[in-house]
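Take a look at the structure below.
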Amino acid sequence: MKHDLVKQLLNEHEVARTCGISVLTLRKWRSLRRGPRFLKIGSLVRYRPEDVTAWIDRQAAVPCEQVEVAR
């Protein structure tokens with residue numbers, strides 16, 4: 001069971017490829033606490049696929065016509 005869980009975790013190269021960014025950008029975001037949630041397993045950095053998906057979903061921009069402007 002635990003082995004299956006570890007196989008599901010993504011490394012930073014897989015996440016960067018999924019997001020269309022460089023690994024260096026992902027590392028910078030991680031240091032700034034901007035990117036998707038991550039796990040530290042010893043010295044390894046891993047991502048749960050559901051955390052990456054949730055983070056991507058939260059990045060959706062609001063179309064301009066839906067933004068209320070304070071007058």
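By order of appearance in the structure tokens: chains A, B, ..., then residues from 1 within every chain, and ligands from 1 in the order shown.
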Legend entry - Residues near segment 55-58 of chain A, cut-off 9 Å, only C-alpha atoms, skip fewer than 5 positions along chain, as a ChimeraX atom specification: /A:19,35-37,50
Using only C-alpha atoms, please write the residues we just selected to a file, as a PDB file, in the first residue's frame.
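File result.pdb, as written:
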ATOM      1  CA  CYS A  19       2.700  23.323 -15.395  1.00  0.00           C
ATOM      2  CA  GLY A  35       3.479  27.021  -5.939  1.00  0.00           C
ATOM      3  CA  PRO A  36       1.595  23.816  -5.191  1.00  0.00           C
ATOM      4  CA  ARG A  37       1.844  22.149  -1.777  1.00  0.00           C
ATOM      5  CA  GLU A  50      -4.262  16.107  -6.232  1.00  0.00           C
TER       6      GLU A  50
END
Based on DSSP run over this structure's backbone, return all residues of segment 10-56 of chain A in alpha helix (DSSP H), as a PDB file with C-alpha atoms, in the first residue's frame.
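Final file, part_39.pdb:
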ATOM      1  CA  GLU A  12       9.715  18.476  -9.414  1.00  0.00           C
ATOM      2  CA  HIS A  13      10.549  17.686 -13.042  1.00  0.00           C
ATOM      3  CA  GLU A  14       7.139  16.086 -13.591  1.00  0.00           C
ATOM      4  CA  VAL A  15       5.322  19.000 -11.934  1.00  0.00           C
ATOM      5  CA  ALA A  16       7.314  21.590 -13.877  1.00  0.00           C
ATOM      6  CA  ARG A  17       6.507  19.798 -17.140  1.00  0.00           C
ATOM      7  CA  THR A  18       2.801  19.591 -16.191  1.00  0.00           C
ATOM      8  CA  CYS A  19       2.700  23.323 -15.395  1.00  0.00           C
ATOM      9  CA  VAL A  23      12.298  23.420 -12.622  1.00  0.00           C
ATOM     10  CA  LEU A  24      14.119  26.563 -11.478  1.00  0.00           C
ATOM     11  CA  THR A  25      10.864  28.524 -11.497  1.00  0.00           C
ATOM     12  CA  LEU A  26       9.158  25.781  -9.484  1.00  0.00           C
ATOM     13  CA  ARG A  27      12.024  25.834  -6.974  1.00  0.00           C
ATOM     14  CA  LYS A  28      11.790  29.611  -6.656  1.00  0.00           C
ATOM     15  CA  TRP A  29       8.023  29.433  -6.146  1.00  0.00           C
ATOM     16  CA  ARG A  30       8.563  26.751  -3.508  1.00  0.00           C
ATOM     17  CA  SER A  31      10.988  28.969  -1.606  1.00  0.00           C
ATOM     18  CA  PRO A  49      -1.068  14.851  -7.906  1.00  0.00           C
ATOM     19  CA  GLU A  50      -4.262  16.107  -6.232  1.00  0.00           C
ATOM     20  CA  ASP A  51      -2.354  19.046  -4.662  1.00  0.00           C
ATOM     21  CA  VAL A  52      -0.952  20.031  -8.053  1.00  0.00           C
ATOM     22  CA  THR A  53      -4.404  19.798  -9.649  1.00  0.00           C
ATOM     23  CA  ALA A  54      -5.995  21.848  -6.842  1.00  0.00           C
ATOM     24  CA  TRP A  55      -3.289  24.520  -7.147  1.00  0.00           C
ATOM     25  CA  ILE A  56      -3.768  24.727 -10.921  1.00  0.00           C
TER      26      ILE A  56
END
Inset, instruction - Please identify which residues in chain A DSSP calls strand (DSSP E) from the backbone, and express them as a list of chain:residue names. - result: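 The strand (DSSP E) subset of chain A is A:Leu39, A:Lys40, A:Ile41, A:Leu44, A:Val45, A:Arg46.
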Could you write out the selected residues, including C-alpha atoms, as a PDB file, in the first residue's frame?
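As written to disk, again.pdb reads:
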ATOM      1  CA  LEU A  39       6.168  17.083   0.719  1.00  0.00           C
ATOM      2  CA  LYS A  40       9.697  16.779   2.034  1.00  0.00           C
ATOM      3  CA  ILE A  41      10.748  13.157   2.429  1.00  0.00           C
ATOM      4  CA  LEU A  44      13.478  14.652  -1.520  1.00  0.00           C
ATOM      5  CA  VAL A  45      10.741  17.029  -2.659  1.00  0.00           C
ATOM      6  CA  ARG A  46       7.558  15.355  -3.863  1.00  0.00           C
TER       7      ARG A  46
END
Inset, instruction - For atom CA of Leu9 of chain A and atom CA of Phe38 of chain A, determine how far apart the two atoms are, in Å to one decimal place. - result: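 A separation of 9.8 Å between them.
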